[in-house]
>>> print(open('entry.pdb').read())   # PDB, C-alpha atoms and all ligand atoms
ATOM      1  CA  MET A 121       8.993 -53.757 -67.656
ATOM      2  CA  LEU A 122      12.552 -53.261 -68.921
ATOM      3  CA  GLU A 123      14.153 -54.088 -72.272
ATOM      4  CA  LEU A 124      17.811 -53.675 -73.200
ATOM      5  CA  HIS A 125      18.757 -53.946 -76.830
ATOM      6  CA  SER A 126      22.398 -54.194 -77.903
ATOM      7  CA  VAL A 127      23.655 -51.934 -75.117
ATOM      8  CA  HIS A 128      27.339 -50.955 -75.153
ATOM      9  CA  LYS A 129      29.452 -48.913 -72.750
ATOM     10  CA  ARG A 130      33.100 -48.160 -73.475
ATOM     11  CA  PHE A 131      35.529 -46.477 -71.104
ATOM     12  CA  GLY A 132      38.373 -45.543 -73.471
ATOM     13  CA  GLY A 133      39.436 -48.888 -74.925
ATOM     14  CA  LEU A 134      37.623 -50.957 -72.302
ATOM     15  CA  ARG A 135      34.319 -52.553 -73.272
ATOM     16  CA  ALA A 136      32.691 -52.518 -69.836
ATOM     17  CA  VAL A 137      29.304 -53.494 -71.320
ATOM     18  CA  ASP A 138      29.473 -55.188 -74.689
ATOM     19  CA  ASP A 139      26.355 -55.764 -76.792
ATOM     20  CA  VAL A 140      24.061 -56.743 -73.944
ATOM     21  CA  SER A 141      20.386 -57.477 -74.629
ATOM     22  CA  PHE A 142      17.813 -58.897 -72.252
ATOM     23  CA  SER A 143      14.427 -58.074 -70.880
ATOM     24  CA  VAL A 144      12.884 -58.077 -67.432
ATOM     25  CA  PRO A 145       9.215 -59.095 -67.395
ATOM     26  CA  ALA A 146       6.946 -57.388 -64.875
ATOM     27  CA  GLY A 147       6.608 -59.122 -61.524
ATOM     28  CA  VAL A 148       9.834 -61.145 -61.469
ATOM     29  CA  ILE A 149      13.080 -61.099 -59.548
ATOM     30  CA  LYS A 150      15.852 -61.117 -62.135
ATOM     31  CA  ALA A 151      19.502 -61.369 -61.100
ATOM     32  CA  ILE A 152      22.634 -60.246 -62.907
ATOM     33  CA  ILE A 153      25.674 -62.246 -61.846
ATOM     34  CA  GLY A 154      29.286 -62.426 -63.001
ATOM     35  CA  PRO A 155      32.844 -62.089 -61.699
ATOM     36  CA  ASN A 156      34.280 -58.829 -60.343
ATOM     37  CA  GLY A 157      34.626 -56.268 -63.106
ATOM     38  CA  ALA A 158      32.132 -58.050 -65.384
ATOM     39  CA  GLY A 159      30.192 -54.817 -65.885
ATOM     40  CA  LYS A 160      27.247 -55.365 -63.544
ATOM     41  CA  THR A 161      27.340 -52.006 -61.749
ATOM     42  CA  THR A 162      28.060 -50.220 -65.027
ATOM     43  CA  LEU A 163      24.948 -51.833 -66.480
ATOM     44  CA  PHE A 164      22.923 -50.563 -63.502
ATOM     45  CA  ASN A 165      24.374 -47.085 -64.034
ATOM     46  CA  LEU A 166      23.245 -47.189 -67.677
ATOM     47  CA  ILE A 167      19.738 -48.341 -66.745
ATOM     48  CA  ALA A 168      19.280 -45.780 -63.956
ATOM     49  CA  GLY A 169      20.740 -42.921 -66.005
ATOM     50  CA  ASN A 170      23.892 -42.401 -63.935
ATOM     51  CA  LEU A 171      25.906 -43.008 -67.120
ATOM     52  CA  PRO A 172      24.892 -42.671 -70.784
ATOM     53  CA  PRO A 173      25.378 -45.810 -72.907
ATOM     54  CA  THR A 174      27.824 -45.590 -75.810
ATOM     55  CA  SER A 175      25.100 -47.159 -77.963
ATOM     56  CA  GLY A 176      21.999 -49.294 -77.737
ATOM     57  CA  THR A 177      18.454 -48.791 -76.509
ATOM     58  CA  ILE A 178      16.939 -49.203 -73.059
ATOM     59  CA  ARG A 179      13.130 -49.212 -72.765
ATOM     60  CA  PHE A 180      11.330 -48.850 -69.465
ATOM     61  CA  GLN A 181       7.618 -49.612 -69.645
ATOM     62  CA  GLY A 182       7.817 -49.164 -73.396
ATOM     63  CA  GLN A 183       9.538 -45.772 -73.301
ATOM     64  CA  GLU A 184      13.146 -45.217 -74.440
ATOM     65  CA  ILE A 185      15.175 -43.938 -71.484
ATOM     66  CA  GLN A 186      18.820 -44.211 -72.585
ATOM     67  CA  GLY A 187      20.628 -40.924 -71.997
ATOM     68  CA  LYS A 188      17.931 -39.527 -69.680
ATOM     69  CA  GLN A 189      18.956 -38.064 -66.313
ATOM     70  CA  PRO A 190      18.606 -40.171 -63.141
ATOM     71  CA  HIS A 191      15.825 -37.960 -61.693
ATOM     72  CA  GLN A 192      13.818 -38.235 -64.932
ATOM     73  CA  ILE A 193      14.091 -42.023 -64.873
ATOM     74  CA  ALA A 194      13.253 -42.105 -61.153
ATOM     75  CA  ARG A 195      10.052 -40.161 -61.844
ATOM     76  CA  LEU A 196       9.025 -42.782 -64.387
ATOM     77  CA  GLY A 197       9.034 -45.336 -61.565
ATOM     78  CA  MET A 198      12.533 -46.756 -61.117
ATOM     79  CA  SER A 199      14.491 -46.727 -57.844
ATOM     80  CA  ARG A 200      17.888 -48.118 -56.978
ATOM     81  CA  THR A 201      20.246 -48.847 -54.120
ATOM     82  CA  PHE A 202      24.012 -48.596 -54.433
ATOM     83  CA  GLN A 203      26.798 -51.155 -54.027
ATOM     84  CA  ASN A 204      28.261 -49.000 -51.248
ATOM     85  CA  ILE A 205      25.678 -47.933 -48.696
ATOM     86  CA  LYS A 206      24.877 -44.252 -49.151
ATOM     87  CA  LEU A 207      23.065 -43.024 -46.083
ATOM     88  CA  PHE A 208      23.400 -39.477 -44.792
ATOM     89  CA  HIS A 209      24.986 -38.922 -41.388
ATOM     90  CA  SER A 210      22.821 -37.232 -38.755
ATOM     91  CA  MET A 211      19.567 -38.541 -40.201
ATOM     92  CA  THR A 212      17.435 -41.089 -38.416
ATOM     93  CA  ALA A 213      16.224 -44.218 -40.199
ATOM     94  CA  LEU A 214      12.800 -42.618 -40.591
ATOM     95  CA  GLU A 215      14.202 -39.362 -42.003
ATOM     96  CA  SER A 216      16.365 -41.327 -44.442
ATOM     97  CA  VAL A 217      13.263 -43.023 -45.817
ATOM     98  CA  MET A 218      11.328 -39.734 -45.900
ATOM     99  CA  VAL A 219      14.033 -38.293 -48.181
ATOM    100  CA  GLY A 220      13.220 -41.015 -50.707
ATOM    101  CA  ARG A 221       9.537 -40.175 -50.473
ATOM    102  CA  HIS A 222      10.184 -36.474 -51.059
ATOM    103  CA  ALA A 223      11.449 -37.383 -54.527
ATOM    104  CA  ARG A 224       7.819 -37.866 -55.541
ATOM    105  CA  THR A 225       6.211 -34.857 -53.940
ATOM    106  CA  LYS A 226       5.819 -31.221 -54.903
ATOM    107  CA  ALA A 227       8.193 -30.143 -52.168
ATOM    108  CA  GLY A 228      10.830 -32.165 -53.934
ATOM    109  CA  PHE A 229      13.964 -34.020 -53.090
ATOM    110  CA  ILE A 230      16.128 -30.996 -52.261
ATOM    111  CA  SER A 231      13.764 -29.577 -49.668
ATOM    112  CA  GLY A 232      13.588 -33.070 -48.193
ATOM    113  CA  MET A 233      17.343 -33.209 -47.932
ATOM    114  CA  PHE A 234      17.553 -29.884 -46.153
ATOM    115  CA  HIS A 235      14.523 -30.515 -43.970
ATOM    116  CA  LEU A 236      12.620 -27.630 -45.526
ATOM    117  CA  PRO A 237       8.966 -27.786 -44.632
ATOM    118  CA  ALA A 238       6.551 -29.376 -47.050
ATOM    119  CA  SER A 239       2.940 -28.565 -46.393
ATOM    120  CA  ARG A 240       1.912 -29.985 -43.035
ATOM    121  CA  GLN A 241      -0.517 -32.441 -44.602
ATOM    122  CA  GLU A 242       2.112 -33.600 -47.046
ATOM    123  CA  GLU A 243       4.678 -34.008 -44.279
ATOM    124  CA  LYS A 244       2.257 -36.124 -42.275
ATOM    125  CA  GLU A 245       1.480 -38.312 -45.267
ATOM    126  CA  ILE A 246       5.193 -38.775 -45.998
ATOM    127  CA  ARG A 247       5.940 -39.670 -42.382
ATOM    128  CA  GLU A 248       3.147 -42.241 -42.230
ATOM    129  CA  HIS A 249       4.069 -43.869 -45.505
ATOM    130  CA  SER A 250       7.758 -44.004 -44.498
ATOM    131  CA  MET A 251       6.830 -45.591 -41.178
ATOM    132  CA  GLU A 252       4.820 -48.252 -43.033
ATOM    133  CA  LEU A 253       7.869 -49.068 -45.119
ATOM    134  CA  LEU A 254      10.048 -49.403 -42.012
ATOM    135  CA  GLU A 255       7.431 -51.817 -40.678
ATOM    136  CA  LEU A 256       7.363 -53.738 -43.948
ATOM    137  CA  LEU A 257      11.147 -54.140 -43.766
ATOM    138  CA  GLU A 258      10.943 -55.004 -40.066
ATOM    139  CA  ILE A 259      13.057 -52.093 -38.811
ATOM    140  CA  ALA A 260      10.304 -49.856 -37.402
ATOM    141  CA  GLU A 261      11.797 -50.138 -33.908
ATOM    142  CA  TYR A 262      14.858 -48.227 -35.180
ATOM    143  CA  ALA A 263      12.871 -45.366 -36.720
ATOM    144  CA  ASP A 264      14.448 -42.733 -34.457
ATOM    145  CA  VAL A 265      17.966 -44.144 -34.424
ATOM    146  CA  GLU A 266      20.671 -42.490 -36.533
ATOM    147  CA  ALA A 267      20.764 -44.637 -39.683
ATOM    148  CA  THR A 268      24.544 -44.831 -39.978
ATOM    149  CA  SER A 269      24.857 -46.214 -36.442
ATOM    150  CA  LEU A 270      22.666 -49.247 -37.220
ATOM    151  CA  ALA A 271      24.022 -52.722 -37.955
ATOM    152  CA  PHE A 272      24.953 -53.311 -41.585
ATOM    153  CA  GLY A 273      21.914 -55.471 -42.323
ATOM    154  CA  GLN A 274      19.590 -52.836 -40.891
ATOM    155  CA  GLN A 275      21.277 -50.097 -42.942
ATOM    156  CA  ARG A 276      20.611 -52.181 -46.052
ATOM    157  CA  ALA A 277      16.975 -52.415 -45.043
ATOM    158  CA  VAL A 278      16.840 -48.616 -44.547
ATOM    159  CA  GLU A 279      18.256 -48.182 -48.047
ATOM    160  CA  MET A 280      15.662 -50.525 -49.496
ATOM    161  CA  ALA A 281      12.900 -48.696 -47.641
ATOM    162  CA  ARG A 282      14.201 -45.380 -48.971
ATOM    163  CA  ALA A 283      14.212 -46.753 -52.534
ATOM    164  CA  LEU A 284      10.662 -48.068 -52.053
ATOM    165  CA  ALA A 285       9.484 -44.728 -50.686
ATOM    166  CA  ALA A 286       9.333 -43.338 -54.219
ATOM    167  CA  GLU A 287       6.840 -46.113 -55.052
ATOM    168  CA  PRO A 288       8.844 -47.632 -57.895
ATOM    169  CA  LYS A 289       7.560 -50.153 -60.421
ATOM    170  CA  LEU A 290      11.118 -51.427 -60.846
ATOM    171  CA  LEU A 291      13.677 -51.678 -58.049
ATOM    172  CA  LEU A 292      17.406 -52.086 -58.809
ATOM    173  CA  LEU A 293      19.463 -53.573 -55.972
ATOM    174  CA  ASP A 294      23.275 -53.585 -56.304
ATOM    175  CA  GLU A 295      24.684 -56.305 -54.023
ATOM    176  CA  PRO A 296      22.099 -56.085 -51.228
ATOM    177  CA  ALA A 297      23.808 -58.900 -49.286
ATOM    178  CA  ALA A 298      27.385 -57.570 -49.516
ATOM    179  CA  GLY A 299      29.024 -57.633 -46.094
ATOM    180  CA  LEU A 300      26.104 -59.422 -44.424
ATOM    181  CA  ASN A 301      26.330 -62.645 -42.431
ATOM    182  CA  ILE A 302      24.296 -65.703 -43.467
ATOM    183  CA  TYR A 303      21.382 -64.826 -41.174
ATOM    184  CA  GLU A 304      21.174 -61.236 -42.414
ATOM    185  CA  THR A 305      21.502 -62.511 -45.985
ATOM    186  CA  ALA A 306      18.585 -64.904 -45.535
ATOM    187  CA  GLU A 307      16.605 -62.014 -44.048
ATOM    188  CA  VAL A 308      17.375 -59.747 -47.010
ATOM    189  CA  GLY A 309      16.291 -62.588 -49.304
ATOM    190  CA  ARG A 310      12.942 -62.762 -47.529
ATOM    191  CA  LEU A 311      12.505 -59.002 -47.813
ATOM    192  CA  ILE A 312      13.289 -58.999 -51.537
ATOM    193  CA  THR A 313      10.778 -61.795 -52.111
ATOM    194  CA  ARG A 314       8.200 -59.819 -50.142
ATOM    195  CA  ILE A 315       8.864 -56.760 -52.323
ATOM    196  CA  ARG A 316       8.376 -58.862 -55.481
ATOM    197  CA  ASP A 317       5.162 -60.286 -54.057
ATOM    198  CA  MET A 318       3.873 -56.712 -53.588
ATOM    199  CA  GLY A 319       4.039 -56.434 -57.391
ATOM    200  CA  ILE A 320       7.348 -54.569 -57.645
ATOM    201  CA  THR A 321       9.732 -55.941 -60.267
ATOM    202  CA  VAL A 322      13.255 -56.469 -58.929
ATOM    203  CA  LEU A 323      16.545 -56.426 -60.833
ATOM    204  CA  LEU A 324      19.379 -57.505 -58.592
ATOM    205  CA  VAL A 325      23.166 -57.689 -58.800
ATOM    206  CA  GLU A 326      24.536 -60.145 -56.281
ATOM    207  CA  HIS A 327      27.597 -62.297 -55.585
ATOM    208  CA  ASP A 328      25.990 -64.508 -52.967
ATOM    209  CA  MET A 329      25.036 -67.519 -55.084
ATOM    210  CA  SER A 330      22.811 -69.229 -52.566
ATOM    211  CA  LEU A 331      20.749 -66.048 -52.279
ATOM    212  CA  VAL A 332      20.611 -65.612 -56.067
ATOM    213  CA  MET A 333      19.607 -69.240 -56.687
ATOM    214  CA  ASP A 334      17.049 -69.104 -53.886
ATOM    215  CA  ILE A 335      15.077 -66.017 -54.841
ATOM    216  CA  SER A 336      15.619 -65.335 -58.572
ATOM    217  CA  ASP A 337      13.101 -66.194 -61.247
ATOM    218  CA  GLU A 338      15.643 -65.531 -64.020
ATOM    219  CA  ILE A 339      19.401 -64.949 -64.166
ATOM    220  CA  VAL A 340      21.665 -63.119 -66.625
ATOM    221  CA  VAL A 341      25.382 -63.966 -66.507
ATOM    222  CA  LEU A 342      27.932 -61.340 -67.552
ATOM    223  CA  SER A 343      31.619 -61.937 -68.185
ATOM    224  CA  PHE A 344      33.969 -59.198 -69.425
ATOM    225  CA  GLY A 345      30.998 -57.060 -70.365
ATOM    226  CA  SER A 346      29.238 -59.701 -72.467
ATOM    227  CA  LYS A 347      26.137 -61.716 -71.684
ATOM    228  CA  ILE A 348      27.186 -65.376 -71.716
ATOM    229  CA  ALA A 349      23.974 -66.945 -70.404
ATOM    230  CA  GLU A 350      20.399 -66.149 -69.473
ATOM    231  CA  ASP A 351      18.119 -68.764 -67.931
ATOM    232  CA  GLU A 352      16.345 -69.932 -64.808
ATOM    233  CA  PRO A 353      18.476 -70.756 -61.750
ATOM    234  CA  THR A 354      18.615 -74.555 -62.131
ATOM    235  CA  ALA A 355      19.728 -74.266 -65.777
ATOM    236  CA  ILE A 356      22.333 -71.594 -64.923
ATOM    237  CA  GLN A 357      23.849 -73.871 -62.254
ATOM    238  CA  GLN A 358      24.363 -76.578 -64.877
ATOM    239  CA  ASN A 359      25.566 -74.295 -67.688
ATOM    240  CA  PRO A 360      29.172 -75.391 -68.568
ATOM    241  CA  GLU A 361      30.279 -71.912 -69.617
ATOM    242  CA  VAL A 362      29.000 -70.402 -66.402
ATOM    243  CA  ILE A 363      30.659 -73.092 -64.299
ATOM    244  CA  LYS A 364      33.921 -72.448 -66.159
ATOM    245  CA  ILE A 365      34.051 -68.710 -65.409
ATOM    246  CA  TYR A 366      33.203 -69.335 -61.767
ATOM    247  CA  LEU A 367      35.785 -72.088 -61.267
ATOM    248  CA  GLY A 368      38.461 -69.592 -62.270
ATOM    249  CA  GLU A 369      37.301 -67.297 -59.459
ATOM    250  CA  ASP A 370      38.194 -67.102 -55.803
ATOM    251  CA  GLU A 371      36.091 -68.741 -53.123
ATOM    252  CA  GLU A 372      33.531 -66.005 -52.542
ATOM    253  CA  ASP A 373      32.363 -66.345 -56.132
ATOM    254  CA  GLU A 374      32.089 -70.129 -56.262
ATOM    255  CA  LEU A 375      28.872 -71.376 -57.754
ATOM    256  CA  THR A 376      27.823 -73.412 -54.764
ATOM    257  CA  VAL A 377      24.367 -73.508 -53.279
TER     258      VAL A 377
HETATM  259  N1  LIG B 401      33.680 -44.702 -64.554
HETATM  260  C1  LIG B 401      34.535 -45.612 -65.031
HETATM  261  N2  LIG B 401      35.592 -45.251 -65.776
HETATM  262  C2  LIG B 401      36.439 -46.186 -66.274
HETATM  263  N3  LIG B 401      36.314 -47.515 -66.093
HETATM  264  C3  LIG B 401      35.277 -47.938 -65.348
HETATM  265  C4  LIG B 401      34.334 -47.024 -64.779
HETATM  266  N4  LIG B 401      33.394 -47.740 -64.115
HETATM  267  C5  LIG B 401      33.736 -49.037 -64.246
HETATM  268  N5  LIG B 401      34.866 -49.154 -64.991
HETATM  269  C6  LIG B 401      35.499 -50.424 -65.379
HETATM  270  O1  LIG B 401      34.494 -51.168 -66.066
HETATM  271  C7  LIG B 401      34.607 -52.553 -65.731
HETATM  272  C8  LIG B 401      33.306 -53.023 -65.141
HETATM  273  O2  LIG B 401      33.162 -52.476 -63.843
HETATM  274  P1  LIG B 401      31.868 -52.681 -62.951
HETATM  275  O3  LIG B 401      32.033 -51.856 -61.734
HETATM  276  O4  LIG B 401      30.669 -52.449 -63.785
HETATM  277  O5  LIG B 401      31.971 -54.227 -62.594
HETATM  278  P2  LIG B 401      31.091 -55.119 -61.610
HETATM  279  O6  LIG B 401      30.635 -56.283 -62.407
HETATM  280  O7  LIG B 401      30.061 -54.289 -60.937
HETATM  281  O8  LIG B 401      32.182 -55.599 -60.548
HETATM  282  P3  LIG B 401      32.036 -55.904 -58.973
HETATM  283  O9  LIG B 401      31.475 -57.280 -58.878
HETATM  284  O10 LIG B 401      33.455 -55.867 -58.492
HETATM  285  O11 LIG B 401      31.183 -54.853 -58.368
HETATM  286  C9  LIG B 401      35.793 -52.697 -64.779
HETATM  287  O12 LIG B 401      36.928 -53.048 -65.555
HETATM  288  C10 LIG B 401      35.928 -51.294 -64.215
HETATM  289  O13 LIG B 401      37.255 -51.034 -63.838
HETATM  290 MG    MG B 402      29.663 -53.769 -58.995
END
>>> encode(input="entry.pdb", output="structure tokens", more="lines below")
Ligand SMILES: Nc1ncnc2c1ncn2[C@@H]1O[C@H](COP(=O)(O)OP(=O)(O)OP(=O)(O)O)[C@@H](O)[C@H]1O
Ligand SMILES: [Mg+2]
Amino acid sequence: MLELHSVHKRFGGLRAVDDVSFSVPAGVIKAIIGPNGAGKTTLFNLIAGNLPPTSGTIRFQGQEIQGKQPHQIARLGMSRTFQNIKLFHSMTALESVMVGRHARTKAGFISGMFHLPASRQEEKEIREHSMELLELLEIAEYADVEATSLAFGQQRAVEMARALAAEPKLLLLDEPAAGLNIYETAEVGRLITRIRDMGITVLLVEHDMSLVMDISDEIVVLSFGSKIAEDEPTAIQQNPEVIKIYLGEDEEDELTV
């Protein structure tokens, strides 16, 4: 699904991503973990086209995508959510998801954002599909509520529904459990597993180790921009180098499950 080969990103003298290679097979949940500042979000920005890599190749479904614009990569079948929730004020949960769907239609993303009319048939189709996604993520009862007034966990679900609305093959989730309590986190874990089971490949950045160990098929560990380990969860938990970087961290990053 996704292959990174020797990817680098420098910001001035800082090597934010340093010679990172890994691949994400279709149908898995793969997690990227590592301490704050390890380069996880930067890596997502390189994959999704929000930043160009300094060097290296990124292939998505066999096609080189490094340096392409975010909307071009999105059209190829990749969606993402952001570390900080980015929902528009004054849009309901349903409308927020419909915006994501518009990215795929003739009427386009911009007309979706400004509520310009798509054809009536198209609008109906978008509304129905968006409603199905709200149901899938178990937030259909909030369809007509302003998205930004929902509880944090529900806003995360709206964001995931919006990302899914474009019918991606690959979904990138940047810290989907950030700020959530343990119940909401478990819920998000269930939703991510459900998304994977629908056949959508998931690449996830996350600090919550119990969530990562619970749901991931494979894990990549970054430290200071470099990949220091890549393995299945049980092996990562026993990897001495991984344990070492996490023992130097504060409590929220402890490698406990
Ligand atoms: N646009 C930018 N310009 C300059 N430096 C940046 C930029 N974006 C990120 N950095 C730096 O690159 C490094 C990696 O940052 P990044 O946000 O990718 O880390 P992260 O692993 O996502 O951290 P966190 O867990 O805190 O979200 C950090 O030192 C950060 O300060
Ligand atoms: Mg980050």
>>> residues_near_ligand(input="entry.pdb", ligand="ligand MG 402 (chain B)", cutoff="12 Å", atoms="only C-alpha atoms and all ligand atoms", output="JSON, numbers by chain")
{"A": [136, 152, 153, 154, 155, 156, 157, 158, 159, 160, 161, 162, 163, 164, 165, 201, 202, 203, 204, 293, 294, 295, 296, 298, 324, 325, 326, 327, 342, 345]}
>>> residues_around(input="entry.pdb", residues="A:Ser175", least_positions_apart="6", cutoff="9 Å", atoms="all atoms listed in the file", output="list in words")
Ser126, Val127, His128, Lys129, Asp139 and Gln186 of chain A
>>> resolve_selection(input="entry.pdb", expression="the PyMOL selection byres (((chain A and resi 195) around 10) and not hetatm)", output="short mmCIF file (atom, residue, chain, number, x, y, z; two decimals) with C-alpha atoms, keeping the file's coordinate frame")
data_model
loop_
_atom_site.label_atom_id
_atom_site.label_comp_id
_atom_site.auth_asym_id
_atom_site.auth_seq_id
_atom_site.Cartn_x
_atom_site.Cartn_y
_atom_site.Cartn_z
CA PRO A 190 18.61 -40.17 -63.14
CA HIS A 191 15.82 -37.96 -61.69
CA GLN A 192 13.82 -38.24 -64.93
CA ILE A 193 14.09 -42.02 -64.87
CA ALA A 194 13.25 -42.10 -61.15
CA LEU A 196 9.02 -42.78 -64.39
CA GLY A 197 9.03 -45.34 -61.56
CA MET A 198 12.53 -46.76 -61.12
CA SER A 199 14.49 -46.73 -57.84
CA ALA A 223 11.45 -37.38 -54.53
CA ARG A 224 7.82 -37.87 -55.54
CA ALA A 286 9.33 -43.34 -54.22
CA GLU A 287 6.84 -46.11 -55.05
CA PRO A 288 8.84 -47.63 -57.90
#
>>> atom_distance(input="entry.pdb", atom1="atom CA of A:Ser269", atom2="atom CA of A:Glu307")
19.4 Å
>>> closest_residue(input="entry.pdb", among="A:Ser346, A:Ser330, A:Gln181, A:Thr212", to="A:Glu261", atoms="all atoms listed in the file")
A:Thr212
>>> atom_distance(input="entry.pdb", atom1="atom CA of A:Tyr303", atom2="atom CA of A:Ile339")
23.1 Å
>>> resolve_selection(input="entry.pdb", expression="the PyMOL selection byres (((chain A and resi 172) around 9) and not hetatm)", output="PyMOL selection string")
chain A and resi 129+165-167+169-171+173-175+186-189
>>> write_last_selection(input="entry.pdb", atoms="C-alpha atoms", output="mmCIF file, in the coordinates of the input")
data_model
loop_
_atom_site.group_PDB
_atom_site.id
_atom_site.type_symbol
_atom_site.label_atom_id
_atom_site.label_comp_id
_atom_site.auth_asym_id
_atom_site.auth_seq_id
_atom_site.Cartn_x
_atom_site.Cartn_y
_atom_site.Cartn_z
ATOM 1 C CA LYS A 129 29.452 -48.913 -72.750
ATOM 2 C CA ASN A 165 24.374 -47.085 -64.034
ATOM 3 C CA LEU A 166 23.245 -47.189 -67.677
ATOM 4 C CA ILE A 167 19.738 -48.341 -66.745
ATOM 5 C CA GLY A 169 20.740 -42.921 -66.005
ATOM 6 C CA ASN A 170 23.892 -42.401 -63.935
ATOM 7 C CA LEU A 171 25.906 -43.008 -67.120
ATOM 8 C CA PRO A 173 25.378 -45.810 -72.907
ATOM 9 C CA THR A 174 27.824 -45.590 -75.810
ATOM 10 C CA SER A 175 25.100 -47.159 -77.963
ATOM 11 C CA GLN A 186 18.820 -44.211 -72.585
ATOM 12 C CA GLY A 187 20.628 -40.924 -71.997
ATOM 13 C CA LYS A 188 17.931 -39.527 -69.680
ATOM 14 C CA GLN A 189 18.956 -38.064 -66.313
#
>>> closest_residue(input="entry.pdb", among="A:Glu266, A:Ala355, A:Arg221, A:Glu258", to="A:Lys244", atoms="all atoms listed in the file")
A:Arg221
>>> resolve_selection(input="entry.pdb", expression="the PyMOL selection byres (((chain A and resi 246) around 9) and not hetatm)", output="PyMOL selection string")
chain A and resi 218+221-222+225+241-245+247-251+285
>>> closest_residue(input="entry.pdb", among="A:Arg135, A:Arg310, A:Lys347, A:His125", to="A:Leu331", atoms="all atoms listed in the file")
A:Arg310
>>> closest_residue(input="entry.pdb", among="A:Gly319, A:Pro360, A:Gly133, A:Gly273", to="A:Thr305", atoms="all atoms listed in the file")
A:Gly273
>>> residues_around(input="entry.pdb", residues="A:Arg316", least_positions_apart="5", cutoff="8 Å", atoms="all atoms listed in the file", output="list in words")
Gly147, Val148, Ile149, Thr321 and Val322 of chain A
>>> build_atoms(input="entry.pdb", residues="stretch 243-258 of chain A", atoms="N, CA and C atoms", output="CSV table (one decimal), in the coordinates of the input")
chain,number,residue,atom,x,y,z
A,243,GLU,N,3.7,-33.5,-45.2
A,243,GLU,CA,4.7,-34.0,-44.3
A,243,GLU,C,4.1,-35.2,-43.5
A,244,LYS,N,2.9,-35.1,-43.1
A,244,LYS,CA,2.3,-36.1,-42.3
A,244,LYS,C,2.1,-37.4,-43.1
A,245,GLU,N,1.7,-37.2,-44.3
A,245,GLU,CA,1.5,-38.3,-45.3
A,245,GLU,C,2.8,-39.0,-45.5
A,246,ILE,N,3.9,-38.2,-45.7
A,246,ILE,CA,5.2,-38.8,-46.0
A,246,ILE,C,5.7,-39.6,-44.8
A,247,ARG,N,5.5,-39.0,-43.6
A,247,ARG,CA,5.9,-39.7,-42.4
A,247,ARG,C,5.2,-41.0,-42.2
A,248,GLU,N,3.9,-41.0,-42.4
A,248,GLU,CA,3.1,-42.2,-42.2
A,248,GLU,C,3.6,-43.3,-43.2
A,249,HIS,N,3.7,-42.9,-44.5
A,249,HIS,CA,4.1,-43.9,-45.5
A,249,HIS,C,5.5,-44.4,-45.2
A,250,SER,N,6.4,-43.6,-44.8
A,250,SER,CA,7.8,-44.0,-44.5
A,250,SER,C,7.8,-45.0,-43.3
A,251,MET,N,6.9,-44.7,-42.3
A,251,MET,CA,6.8,-45.6,-41.2
A,251,MET,C,6.3,-47.0,-41.6
A,252,GLU,N,5.3,-47.0,-42.5
A,252,GLU,CA,4.8,-48.3,-43.0
A,252,GLU,C,5.9,-49.1,-43.7
A,253,LEU,N,6.8,-48.4,-44.4
A,253,LEU,CA,7.9,-49.1,-45.1
A,253,LEU,C,8.9,-49.6,-44.1
A,254,LEU,N,9.2,-48.9,-43.1
A,254,LEU,CA,10.0,-49.4,-42.0
A,254,LEU,C,9.4,-50.6,-41.4
A,255,GLU,N,8.1,-50.6,-41.2
A,255,GLU,CA,7.4,-51.8,-40.7
A,255,GLU,C,7.5,-53.0,-41.6
A,256,LEU,N,7.3,-52.7,-42.9
A,256,LEU,CA,7.4,-53.7,-43.9
A,256,LEU,C,8.7,-54.4,-43.9
A,257,LEU,N,9.8,-53.6,-43.7
A,257,LEU,CA,11.1,-54.1,-43.8
A,257,LEU,C,11.6,-54.5,-42.4
A,258,GLU,N,10.7,-54.5,-41.4
A,258,GLU,CA,10.9,-55.0,-40.1
A,258,GLU,C,12.0,-54.2,-39.3
